[in-house]
$ cat run-v2.cif   # mmCIF, C-alpha atoms
data_start
#
loop_
_atom_site.group_PDB
_atom_site.id
_atom_site.type_symbol
_atom_site.label_atom_id
_atom_site.label_comp_id
_atom_site.auth_asym_id
_atom_site.auth_seq_id
_atom_site.Cartn_x
_atom_site.Cartn_y
_atom_site.Cartn_z
ATOM 1 C CA MET R 1 -44.673 -45.046 48.773
ATOM 2 C CA MET R 2 -43.999 -43.511 52.152
ATOM 3 C CA PRO R 3 -44.417 -39.734 51.998
ATOM 4 C CA LYS R 4 -41.222 -37.797 52.502
ATOM 5 C CA SER R 5 -42.715 -35.965 55.442
ATOM 6 C CA LYS R 6 -43.425 -39.218 57.255
ATOM 7 C CA GLY R 7 -39.864 -40.392 56.782
ATOM 8 C CA ILE R 8 -38.486 -37.184 58.216
ATOM 9 C CA LEU R 9 -40.851 -37.212 61.139
ATOM 10 C CA LYS R 10 -40.142 -40.862 61.818
ATOM 11 C CA ARG R 11 -36.413 -40.174 61.882
ATOM 12 C CA LEU R 12 -36.833 -37.333 64.327
ATOM 13 C CA MET R 13 -39.122 -39.321 66.599
ATOM 14 C CA GLU R 14 -36.826 -42.354 66.535
ATOM 15 C CA GLN R 15 -33.929 -40.174 67.560
ATOM 16 C CA ILE R 16 -35.950 -38.748 70.404
ATOM 17 C CA GLU R 17 -36.993 -42.214 71.492
ATOM 18 C CA ARG R 18 -33.373 -43.438 71.541
ATOM 19 C CA THR R 19 -32.174 -40.461 73.514
ATOM 20 C CA GLN R 20 -30.505 -41.343 76.822
ATOM 21 C CA GLU R 21 -29.660 -39.138 79.765
ATOM 22 C CA VAL R 22 -25.972 -39.977 79.362
ATOM 23 C CA GLU R 23 -24.463 -40.249 75.885
ATOM 24 C CA TYR R 24 -20.908 -40.237 74.569
ATOM 25 C CA ASP R 25 -20.061 -37.259 72.374
ATOM 26 C CA CYS R 26 -18.282 -37.591 69.019
ATOM 27 C CA GLY R 27 -14.844 -37.128 70.571
ATOM 28 C CA GLU R 28 -15.330 -39.928 73.059
ATOM 29 C CA VAL R 29 -16.572 -42.226 70.323
ATOM 30 C CA HIS R 30 -13.699 -41.323 68.005
ATOM 31 C CA ARG R 31 -11.265 -42.244 70.765
ATOM 32 C CA LEU R 32 -12.782 -45.732 70.979
ATOM 33 C CA LEU R 33 -13.690 -46.258 67.334
ATOM 34 C CA ASP R 34 -10.604 -48.323 66.443
ATOM 35 C CA GLN R 35 -11.255 -50.724 69.318
ATOM 36 C CA TYR R 36 -14.940 -50.899 68.458
ATOM 37 C CA ALA R 37 -14.229 -51.556 64.761
ATOM 38 C CA GLU R 38 -11.929 -54.462 65.593
ATOM 39 C CA LEU R 39 -14.537 -55.912 67.942
ATOM 40 C CA CYS R 40 -17.138 -55.653 65.178
ATOM 41 C CA LEU R 41 -14.905 -57.548 62.770
ATOM 42 C CA GLU R 42 -13.895 -60.190 65.298
ATOM 43 C CA GLN R 43 -17.156 -60.781 67.132
ATOM 44 C CA GLY R 44 -19.893 -59.331 64.954
ATOM 45 C CA GLU R 45 -23.166 -58.320 66.552
ATOM 46 C CA ASP R 46 -22.103 -59.475 70.040
ATOM 47 C CA ALA R 47 -19.285 -56.946 70.064
ATOM 48 C CA ARG R 48 -21.690 -54.068 69.735
ATOM 49 C CA ASN R 49 -23.227 -54.996 73.034
ATOM 50 C CA LEU R 50 -19.832 -54.940 74.742
ATOM 51 C CA MET R 51 -19.570 -51.203 74.127
ATOM 52 C CA PRO R 52 -23.183 -50.047 74.469
ATOM 53 C CA LEU R 53 -22.466 -46.330 74.781
ATOM 54 C CA VAL R 54 -20.500 -46.384 71.528
ATOM 55 C CA ARG R 55 -23.234 -48.380 69.785
ATOM 56 C CA GLN R 56 -25.866 -45.992 71.096
ATOM 57 C CA HIS R 57 -23.976 -42.947 69.817
ATOM 58 C CA LEU R 58 -23.534 -44.554 66.401
ATOM 59 C CA GLU R 59 -27.283 -45.081 66.156
ATOM 60 C CA LEU R 60 -27.808 -41.381 66.692
ATOM 61 C CA CYS R 61 -24.855 -39.849 64.871
ATOM 62 C CA PRO R 62 -24.663 -40.408 61.098
ATOM 63 C CA ASP R 63 -21.260 -38.726 60.918
ATOM 64 C CA CYS R 64 -19.612 -41.172 63.309
ATOM 65 C CA LYS R 65 -21.476 -44.086 61.704
ATOM 66 C CA GLU R 66 -20.073 -43.088 58.295
ATOM 67 C CA GLU R 67 -16.601 -43.062 59.789
ATOM 68 C CA LEU R 68 -17.071 -46.495 61.326
ATOM 69 C CA ASP R 69 -18.362 -47.930 58.044
ATOM 70 C CA ALA R 70 -15.432 -46.464 56.115
ATOM 71 C CA LEU R 71 -12.962 -47.785 58.693
ATOM 72 C CA LEU R 72 -14.501 -51.254 58.582
ATOM 73 C CA ARG R 73 -14.168 -51.344 54.789
ATOM 74 C CA ALA R 74 -10.505 -50.319 55.039
ATOM 75 C CA LEU R 75 -9.800 -52.904 57.741
ATOM 76 C CA GLU R 76 -11.430 -55.677 55.760
ATOM 77 C CA ALA R 77 -9.299 -54.762 52.748
ATOM 78 C CA THR R 78 -6.042 -54.742 54.723
ATOM 79 C CA GLN R 79 -6.623 -57.606 57.137
ATOM 80 C CA ASP R 80 -3.941 -59.784 55.602
ATOM 81 C CA GLU R 81 -1.173 -57.219 55.989
ATOM 82 C CA THR R 82 -1.851 -55.692 59.373
ATOM 83 C CA MET F 1 0.709 -63.075 54.648
ATOM 84 C CA ALA F 2 2.859 -60.077 55.576
ATOM 85 C CA ASN F 3 4.992 -60.040 58.669
ATOM 86 C CA VAL F 4 2.730 -58.465 61.292
ATOM 87 C CA ARG F 5 4.415 -55.922 63.532
ATOM 88 C CA SER F 6 3.553 -55.517 67.182
ATOM 89 C CA ASN F 7 2.253 -52.196 68.457
ATOM 90 C CA GLU F 8 5.465 -51.793 70.428
ATOM 91 C CA SER F 9 7.517 -52.222 67.282
ATOM 92 C CA TRP F 10 5.585 -49.490 65.467
ATOM 93 C CA LEU F 11 5.929 -47.103 68.391
ATOM 94 C CA GLN F 12 9.584 -47.800 68.832
ATOM 95 C CA ASP F 13 10.460 -47.335 65.165
ATOM 96 C CA LEU F 14 8.369 -44.198 64.748
ATOM 97 C CA ALA F 15 9.602 -42.519 67.908
ATOM 98 C CA GLN F 16 12.871 -41.172 66.525
ATOM 99 C CA PRO F 17 13.924 -39.847 63.103
ATOM 100 C CA GLY F 18 16.095 -42.230 61.131
ATOM 101 C CA PRO F 19 15.974 -45.265 58.830
ATOM 102 C CA ALA F 20 13.690 -47.284 61.139
ATOM 103 C CA ARG F 21 11.107 -44.488 61.111
ATOM 104 C CA GLU F 22 11.324 -44.131 57.331
ATOM 105 C CA THR F 23 10.739 -47.857 56.890
ATOM 106 C CA ALA F 24 7.786 -47.783 59.261
ATOM 107 C CA LEU F 25 6.274 -44.766 57.487
ATOM 108 C CA ALA F 26 6.660 -46.522 54.134
ATOM 109 C CA GLU F 27 4.815 -49.550 55.532
ATOM 110 C CA LEU F 28 2.037 -47.389 56.910
ATOM 111 C CA ARG F 29 1.743 -45.620 53.582
ATOM 112 C CA ARG F 30 1.321 -48.997 51.898
ATOM 113 C CA VAL F 31 -1.424 -49.996 54.326
ATOM 114 C CA LEU F 32 -3.240 -46.692 53.815
ATOM 115 C CA LEU F 33 -2.907 -46.876 50.031
ATOM 116 C CA ARG F 34 -4.510 -50.297 50.073
ATOM 117 C CA GLY F 35 -7.330 -49.447 52.501
ATOM 118 C CA LEU F 36 -8.397 -45.955 51.485
ATOM 119 C CA PRO F 37 -9.988 -46.884 48.134
ATOM 120 C CA TYR F 38 -12.318 -49.199 50.039
ATOM 121 C CA ALA F 39 -12.934 -46.708 52.834
ATOM 122 C CA LEU F 40 -13.856 -44.002 50.347
ATOM 123 C CA ALA F 41 -15.736 -46.196 47.889
ATOM 124 C CA SER F 42 -19.088 -44.522 48.504
ATOM 125 C CA TRP F 43 -17.557 -41.042 48.588
ATOM 126 C CA LEU F 44 -14.946 -40.760 45.863
ATOM 127 C CA PRO F 45 -14.523 -43.610 43.363
ATOM 128 C CA SER F 46 -10.966 -44.574 42.524
ATOM 129 C CA SER F 47 -11.787 -43.803 38.876
ATOM 130 C CA ASP F 48 -12.264 -40.120 39.743
ATOM 131 C CA PRO F 49 -9.482 -37.986 38.223
ATOM 132 C CA GLN F 50 -8.897 -36.355 41.617
ATOM 133 C CA PHE F 51 -8.704 -39.625 43.516
ATOM 134 C CA ASP F 52 -4.928 -40.186 43.426
ATOM 135 C CA SER F 53 -3.972 -36.675 44.492
ATOM 136 C CA PHE F 54 -6.666 -36.671 47.170
ATOM 137 C CA VAL F 55 -5.435 -39.956 48.629
ATOM 138 C CA ASP F 56 -1.830 -38.732 48.530
ATOM 139 C CA GLU F 57 -2.791 -35.660 50.513
ATOM 140 C CA VAL F 58 -4.788 -37.697 53.017
ATOM 141 C CA ILE F 59 -1.879 -40.087 53.559
ATOM 142 C CA GLN F 60 0.582 -37.234 53.982
ATOM 143 C CA ASP F 61 -1.664 -35.474 56.519
ATOM 144 C CA THR F 62 -2.314 -38.748 58.310
ATOM 145 C CA LEU F 63 1.355 -39.588 58.726
ATOM 146 C CA VAL F 64 2.121 -36.102 60.011
ATOM 147 C CA ARG F 65 -0.702 -36.391 62.529
ATOM 148 C CA VAL F 66 0.350 -39.887 63.582
ATOM 149 C CA LEU F 67 3.890 -38.726 64.336
ATOM 150 C CA ASP F 68 2.504 -35.736 66.148
ATOM 151 C CA ARG F 69 0.162 -37.791 68.313
ATOM 152 C CA LEU F 70 2.084 -40.984 68.954
ATOM 153 C CA ASP F 71 1.713 -40.371 72.688
ATOM 154 C CA SER F 72 -2.072 -40.479 72.398
ATOM 155 C CA PHE F 73 -2.137 -44.059 71.073
ATOM 156 C CA GLU F 74 -3.644 -46.028 73.954
ATOM 157 C CA GLY F 75 -3.091 -49.526 72.592
ATOM 158 C CA ARG F 76 -6.803 -50.311 72.504
ATOM 159 C CA SER F 77 -6.436 -51.686 68.967
ATOM 160 C CA ARG F 78 -3.763 -52.661 66.519
ATOM 161 C CA PHE F 79 -1.598 -49.664 65.699
ATOM 162 C CA THR F 80 -2.552 -49.812 62.024
ATOM 163 C CA THR F 81 -6.240 -49.699 62.935
ATOM 164 C CA TRP F 82 -5.613 -46.534 64.924
ATOM 165 C CA VAL F 83 -3.737 -45.029 61.952
ATOM 166 C CA GLN F 84 -6.531 -45.939 59.535
ATOM 167 C CA LYS F 85 -9.065 -44.383 61.877
ATOM 168 C CA ILE F 86 -7.110 -41.118 61.700
ATOM 169 C CA ALA F 87 -6.946 -41.335 57.900
ATOM 170 C CA VAL F 88 -10.690 -41.908 57.633
ATOM 171 C CA ARG F 89 -11.426 -38.877 59.824
ATOM 172 C CA ILE F 90 -9.110 -36.678 57.733
ATOM 173 C CA ALA F 91 -10.525 -37.924 54.425
ATOM 174 C CA LEU F 92 -14.190 -37.686 55.348
ATOM 175 C CA SER F 93 -13.769 -34.271 56.941
ATOM 176 C CA GLU F 94 -12.320 -32.956 53.715
ATOM 177 C CA LEU F 95 -14.904 -34.668 51.510
ATOM 178 C CA ARG F 96 -17.736 -33.353 53.660
ATOM 179 C CA ARG F 97 -16.275 -29.861 53.484
ATOM 180 C CA LYS F 98 -16.125 -30.070 49.684
ATOM 181 C CA ARG F 99 -19.584 -31.556 49.368
ATOM 182 C CA TRP F 100 -21.231 -28.903 51.547
ATOM 183 C CA ARG F 101 -19.046 -25.885 50.791
ATOM 184 C CA ASP F 102 -21.693 -24.156 48.664
ATOM 185 C CA VAL F 103 -24.550 -24.767 51.102
ATOM 186 C CA SER F 104 -25.285 -22.005 53.557
ATOM 187 C CA LEU F 105 -27.009 -22.577 56.863
ATOM 188 C CA ASP F 106 -29.365 -19.671 56.217
ATOM 189 C CA GLY F 107 -30.320 -21.169 52.865
ATOM 190 C CA LEU F 108 -31.213 -24.494 54.467
ATOM 191 C CA LEU F 109 -33.328 -22.861 57.138
ATOM 192 C CA GLU F 110 -35.142 -20.736 54.551
ATOM 193 C CA VAL F 111 -36.044 -23.836 52.542
ATOM 194 C CA SER F 112 -37.637 -25.386 55.613
ATOM 195 C CA GLY F 113 -39.429 -22.253 56.735
ATOM 196 C CA GLU F 114 -36.991 -21.494 59.564
ATOM 197 C CA SER F 115 -38.475 -24.035 61.950
ATOM 198 C CA GLY F 116 -38.445 -26.948 59.577
ATOM 199 C CA LEU F 117 -42.206 -27.085 59.497
ATOM 200 C CA GLY F 118 -42.273 -26.779 55.731
ATOM 201 C CA LEU F 119 -40.279 -29.976 55.372
ATOM 202 C CA MET F 120 -42.859 -31.929 57.262
ATOM 203 C CA THR F 121 -45.874 -30.948 55.227
ATOM 204 C CA ASP F 122 -47.420 -33.909 53.500
ATOM 205 C CA PRO F 123 -48.524 -32.673 50.081
ATOM 206 C CA ALA F 124 -51.342 -35.100 49.357
ATOM 207 C CA PRO F 125 -53.274 -36.601 52.282
ATOM 208 C CA GLY F 126 -57.071 -37.020 52.164
ATOM 209 C CA PRO F 127 -59.167 -34.400 53.974
ATOM 210 C CA GLU F 128 -59.549 -36.309 57.291
ATOM 211 C CA ALA F 129 -55.998 -37.557 57.323
ATOM 212 C CA ALA F 130 -54.802 -34.070 56.509
ATOM 213 C CA VAL F 131 -56.573 -32.663 59.549
ATOM 214 C CA GLU F 132 -55.182 -35.370 61.835
ATOM 215 C CA ARG F 133 -51.680 -35.026 60.501
ATOM 216 C CA SER F 134 -51.898 -31.298 60.752
ATOM 217 C CA ASP F 135 -52.988 -31.581 64.413
ATOM 218 C CA VAL F 136 -50.166 -33.938 65.281
ATOM 219 C CA MET F 137 -47.631 -31.790 63.484
ATOM 220 C CA ALA F 138 -48.918 -28.681 65.187
ATOM 221 C CA ARG F 139 -48.527 -30.354 68.588
ATOM 222 C CA VAL F 140 -45.041 -31.644 67.828
ATOM 223 C CA TRP F 141 -43.854 -28.306 66.478
ATOM 224 C CA ARG F 142 -45.447 -26.344 69.308
ATOM 225 C CA ILE F 143 -43.356 -28.486 71.634
ATOM 226 C CA VAL F 144 -40.263 -27.924 69.520
ATOM 227 C CA GLU F 145 -40.881 -24.167 69.480
ATOM 228 C CA GLU F 146 -41.457 -23.976 73.210
ATOM 229 C CA GLU F 147 -38.708 -26.293 74.408
ATOM 230 C CA LEU F 148 -35.749 -25.476 72.202
ATOM 231 C CA THR F 149 -33.631 -22.384 71.777
ATOM 232 C CA ASP F 150 -33.337 -20.794 68.322
ATOM 233 C CA LYS F 151 -29.880 -22.309 67.995
ATOM 234 C CA GLN F 152 -31.052 -25.807 68.960
ATOM 235 C CA ARG F 153 -33.916 -25.605 66.472
ATOM 236 C CA ALA F 154 -31.687 -24.383 63.678
ATOM 237 C CA MET F 155 -29.094 -27.104 64.325
ATOM 238 C CA LEU F 156 -31.731 -29.821 64.597
ATOM 239 C CA VAL F 157 -33.223 -28.825 61.258
ATOM 240 C CA ALA F 158 -29.843 -28.452 59.523
ATOM 241 C CA THR F 159 -28.232 -31.648 60.776
ATOM 242 C CA ARG F 160 -31.040 -34.050 61.504
ATOM 243 C CA LEU F 161 -33.594 -33.050 58.893
ATOM 244 C CA HIS F 162 -31.354 -31.798 56.064
ATOM 245 C CA GLY F 163 -28.453 -34.127 56.820
ATOM 246 C CA MET F 164 -25.747 -31.481 57.089
ATOM 247 C CA PRO F 165 -22.741 -33.111 58.790
ATOM 248 C CA LEU F 166 -22.158 -31.984 62.370
ATOM 249 C CA GLU F 167 -18.680 -30.817 61.496
ATOM 250 C CA GLU F 168 -19.981 -28.577 58.722
ATOM 251 C CA ALA F 169 -22.797 -27.155 60.816
ATOM 252 C CA ALA F 170 -20.348 -26.568 63.668
ATOM 253 C CA ARG F 171 -17.935 -24.751 61.356
ATOM 254 C CA ARG F 172 -20.718 -22.382 60.304
ATOM 255 C CA MET F 173 -21.669 -21.731 63.923
ATOM 256 C CA ASP F 174 -18.084 -21.140 65.090
ATOM 257 C CA THR F 175 -18.248 -24.124 67.388
ATOM 258 C CA ASN F 176 -16.966 -27.696 67.255
ATOM 259 C CA ARG F 177 -18.471 -31.110 66.620
ATOM 260 C CA ASN F 178 -18.474 -32.190 70.273
ATOM 261 C CA ALA F 179 -20.154 -29.017 71.472
ATOM 262 C CA LEU F 180 -22.759 -29.318 68.729
ATOM 263 C CA TYR F 181 -23.472 -32.951 69.604
ATOM 264 C CA LYS F 182 -24.004 -31.914 73.220
ATOM 265 C CA LEU F 183 -26.330 -29.116 72.134
ATOM 266 C CA LEU F 184 -28.395 -31.580 70.076
ATOM 267 C CA HIS F 185 -28.353 -34.143 72.862
ATOM 268 C CA ASP F 186 -29.761 -31.561 75.225
ATOM 269 C CA ALA F 187 -32.416 -30.689 72.616
ATOM 270 C CA ARG F 188 -33.455 -34.337 72.240
ATOM 271 C CA ARG F 189 -33.576 -34.817 76.001
ATOM 272 C CA ARG F 190 -35.848 -31.794 76.360
ATOM 273 C CA LEU F 191 -38.163 -32.962 73.578
ATOM 274 C CA LYS F 192 -38.322 -36.486 74.977
ATOM 275 C CA LYS F 193 -39.218 -35.226 78.418
ATOM 276 C CA ARG F 194 -41.872 -32.825 77.116
ATOM 277 C CA LEU F 195 -43.444 -35.357 74.739
ATOM 278 C CA GLY F 196 -43.669 -37.753 77.674
ATOM 279 C CA ALA F 197 -45.219 -35.094 79.874
ATOM 280 C CA GLU F 198 -47.851 -34.425 77.195
ATOM 281 C CA GLY F 199 -48.549 -38.131 76.813
ATOM 282 C CA LEU F 200 -47.345 -38.187 73.188
ATOM 283 C CA SER F 201 -45.403 -41.305 72.228
ATOM 284 C CA VAL F 202 -43.478 -41.978 69.039
ATOM 285 C CA ALA F 203 -46.156 -44.523 68.155
ATOM 286 C CA ASP F 204 -48.895 -41.904 68.642
ATOM 287 C CA VAL F 205 -47.207 -39.478 66.311
ATOM 288 C CA LEU F 206 -46.452 -42.037 63.636
ATOM 289 C CA ALA F 207 -49.919 -43.555 63.850
ATOM 290 C CA ALA F 208 -51.362 -40.314 62.530
ATOM 291 C CA PHE F 209 -49.423 -40.929 59.333
ATOM 292 C CA GLU F 210 -50.539 -44.499 58.728
ATOM 293 C CA ASP F 211 -52.593 -44.930 55.547
#
$ encode --input "run-v2.cif" --output "structure tokens"
Amino acid sequence: MMPKSKGILKRLMEQIERTQEVEYDCGEVHRLLDQYAELCLEQGEDARNLMPLVRQHLELCPDCKEELDALLRALEATQDET
Amino acid sequence: MANVRSNESWLQDLAQPGPARETALAELRRVLLRGLPYALASWLPSSDPQFDSFVDEVIQDTLVRVLDRLDSFEGRSRFTTWVQKIAVRIALSELRRKRWRDVSLDGLLEVSGESGLGLMTDPAPGPEAAVERSDVMARVWRIVEEELTDKQRAMLVATRLHGMPLEEAARRMDTNRNALYKLLHDARRRLKKRLGAEGLSVADVLAAFED
């Protein structure tokens, strides 16, 4: 089993590795999250590449990722009435 | 399939008080009532005794906010997607606040020995591996200590190592989520630059932990 310390260190190092000079903040991502969620549902993995700065932020920000996941679940459940 | 409204129709009906707005609000409520149980499935199960009242409050707050911010809808998505995005933010903010309300920032930092070093101690490596890991950790944490401010270190440990939501950490630091993200971004940029300057790659660091 992977030691807890390795998991934590790995997470930190992965975040450092993914770090870009320019990144969207949470507010900018929230503004675009509805558009991004619809793209994800309509085009799958390809859509993520259409909005790379949003995708990049979501890889680094668990809070925004949780919000995207929750939104996607809601959209899937209401697709037939919206 | 339900009759799907256009974005223009939603905006038009919600713009002014009256029967058209009431009908539109009732339709939005129905959409939110259907979607929220799925959105919150991993946070608050619909079997929870507090679920119904929580969802009612979220829907009420969402509809108030939607009416308040109609002008900010940019038409980048379907209107109902925008509304559900607002509902999700309201719901998760409240659930995070409840989940973390008894956790103090100072308590978290004490657990991890202020710098977080304690969290990264592997309890059972062999003697040689222990020395190597200890060396790597010492190098990484020397860099962290030298490059980051006290505030950046504390926020990195609280949010990235302990998993405290940004919003909750920001609340405790009298700042906001955007400002905190920028602070952490700056911290990561500094660490990345310094690790590079010292010739330490992610692979180098992780290799020291391979069995």
$ resolve_selection --input "run-v2.cif" --expression "the PyMOL selection byres ((chain R) within 6 of (chain F))" --output "list in words"
Ser5, Met13, Ile16, Asp25, Cys26, Asp34, Gln35, Ala70, Leu71, Arg73, Ala74, Ala77, Thr78, Asp80, Glu81 and Thr82 of chain R
$ resolve_selection --input "run-v2.cif" --expression "the PyMOL selection byres ((chain R and resi 51-62) around 7)" --output "mmCIF file with C-alpha atoms, in the frame of the given file"
data_model
loop_
_atom_site.group_PDB
_atom_site.id
_atom_site.type_symbol
_atom_site.label_atom_id
_atom_site.label_comp_id
_atom_site.auth_asym_id
_atom_site.auth_seq_id
_atom_site.Cartn_x
_atom_site.Cartn_y
_atom_site.Cartn_z
ATOM 1 C CA GLN R 15 -33.929 -40.174 67.560
ATOM 2 C CA GLU R 23 -24.463 -40.249 75.885
ATOM 3 C CA TYR R 24 -20.908 -40.237 74.569
ATOM 4 C CA VAL R 29 -16.572 -42.226 70.323
ATOM 5 C CA ARG R 48 -21.690 -54.068 69.735
ATOM 6 C CA ASN R 49 -23.227 -54.996 73.034
ATOM 7 C CA LEU R 50 -19.832 -54.940 74.742
ATOM 8 C CA ASP R 63 -21.260 -38.726 60.918
ATOM 9 C CA CYS R 64 -19.612 -41.172 63.309
ATOM 10 C CA LYS R 65 -21.476 -44.086 61.704
ATOM 11 C CA GLU R 66 -20.073 -43.088 58.295
#
$ resolve_selection --input "run-v2.cif" --expression "the PyMOL selection byres ((chain F and resi 105) around 8)" --output "VMD selection string"
chain F and resid 103 to 104 106 to 109 158 169 172
$ atom_distance --input "run-v2.cif" --atom1 "atom CA of F:Leu25" --atom2 "atom CA of F:Ser9"
12.4 Å
$ axis_aligned_box --input "run-v2.cif" --around "stretch 195-198 of chain F" --padding-each-side "5 Å" --output "lines of an AutoDock Vina configuration file"
center_x = -45.6
center_y = -36.1
center_z = 77.3
size_x = 14.4
size_y = 13.3
size_z = 15.1
$ atom_distance --input "run-v2.cif" --atom1 "atom CA of F:Val58" --atom2 "atom CA of R:Glu42"
27.2 Å
$ build_atoms --input "run-v2.cif" --residues "stretch 17-24 of chain R" --atoms "all heavy atoms" --output "compact mmCIF listing (two decimals), keeping the file's coordinate frame"
# COMPACT_ATOMS: atom_id res chain seq x y z
N GLU R 17 -36.73 -41.00 70.71
CA GLU R 17 -36.99 -42.21 71.49
C GLU R 17 -35.70 -42.86 71.99
O GLU R 17 -35.63 -43.40 73.09
CB GLU R 17 -37.79 -43.22 70.64
CG GLU R 17 -38.36 -44.36 71.45
CD GLU R 17 -39.15 -45.33 70.58
OE1 GLU R 17 -38.74 -45.57 69.44
OE2 GLU R 17 -40.18 -45.82 71.06
N ARG R 18 -34.66 -42.81 71.16
CA ARG R 18 -33.37 -43.44 71.54
C ARG R 18 -32.54 -42.59 72.51
O ARG R 18 -31.51 -43.04 73.00
CB ARG R 18 -32.52 -43.68 70.29
CG ARG R 18 -33.01 -44.83 69.45
CD ARG R 18 -32.07 -45.04 68.28
NE ARG R 18 -32.53 -46.13 67.46
CZ ARG R 18 -32.48 -46.14 66.14
NH1 ARG R 18 -31.98 -45.11 65.50
NH2 ARG R 18 -32.91 -47.18 65.47
N THR R 19 -32.96 -41.38 72.69
CA THR R 19 -32.17 -40.46 73.51
C THR R 19 -32.04 -40.96 74.95
O THR R 19 -33.01 -41.37 75.57
CB THR R 19 -32.83 -39.06 73.50
OG1 THR R 19 -32.81 -38.57 72.17
CG2 THR R 19 -32.11 -38.10 74.43
N GLN R 20 -30.79 -40.92 75.45
CA GLN R 20 -30.50 -41.34 76.82
C GLN R 20 -30.03 -40.13 77.62
O GLN R 20 -29.54 -39.16 77.06
CB GLN R 20 -29.40 -42.40 76.82
CG GLN R 20 -29.69 -43.62 75.97
CD GLN R 20 -30.83 -44.46 76.54
OE1 GLN R 20 -30.95 -44.62 77.75
NE2 GLN R 20 -31.68 -44.98 75.66
N GLU R 21 -30.15 -40.23 78.92
CA GLU R 21 -29.66 -39.14 79.76
C GLU R 21 -28.16 -38.94 79.58
O GLU R 21 -27.67 -37.83 79.50
CB GLU R 21 -29.96 -39.45 81.24
CG GLU R 21 -31.35 -39.04 81.69
CD GLU R 21 -31.62 -37.54 81.50
OE1 GLU R 21 -30.84 -36.73 82.02
OE2 GLU R 21 -32.60 -37.21 80.81
N VAL R 22 -27.43 -40.06 79.53
CA VAL R 22 -25.97 -39.98 79.36
C VAL R 22 -25.61 -40.56 78.00
O VAL R 22 -25.98 -41.69 77.69
CB VAL R 22 -25.24 -40.77 80.46
CG1 VAL R 22 -23.73 -40.73 80.25
CG2 VAL R 22 -25.60 -40.21 81.84
N GLU R 23 -24.93 -39.77 77.19
CA GLU R 23 -24.46 -40.25 75.89
C GLU R 23 -23.01 -39.82 75.68
O GLU R 23 -22.62 -38.76 76.14
CB GLU R 23 -25.32 -39.64 74.75
CG GLU R 23 -26.75 -40.13 74.73
CD GLU R 23 -27.57 -39.51 73.60
OE1 GLU R 23 -26.99 -38.79 72.75
OE2 GLU R 23 -28.79 -39.72 73.58
N TYR R 24 -22.25 -40.65 74.99
CA TYR R 24 -20.91 -40.24 74.57
C TYR R 24 -21.04 -39.15 73.52
O TYR R 24 -21.97 -39.18 72.70
CB TYR R 24 -20.15 -41.41 73.94
CG TYR R 24 -19.50 -42.35 74.92
CD1 TYR R 24 -19.08 -43.62 74.50
CD2 TYR R 24 -19.25 -42.00 76.24
CE1 TYR R 24 -18.46 -44.51 75.38
CE2 TYR R 24 -18.63 -42.88 77.12
CZ TYR R 24 -18.25 -44.12 76.68
OH TYR R 24 -17.63 -44.98 77.54
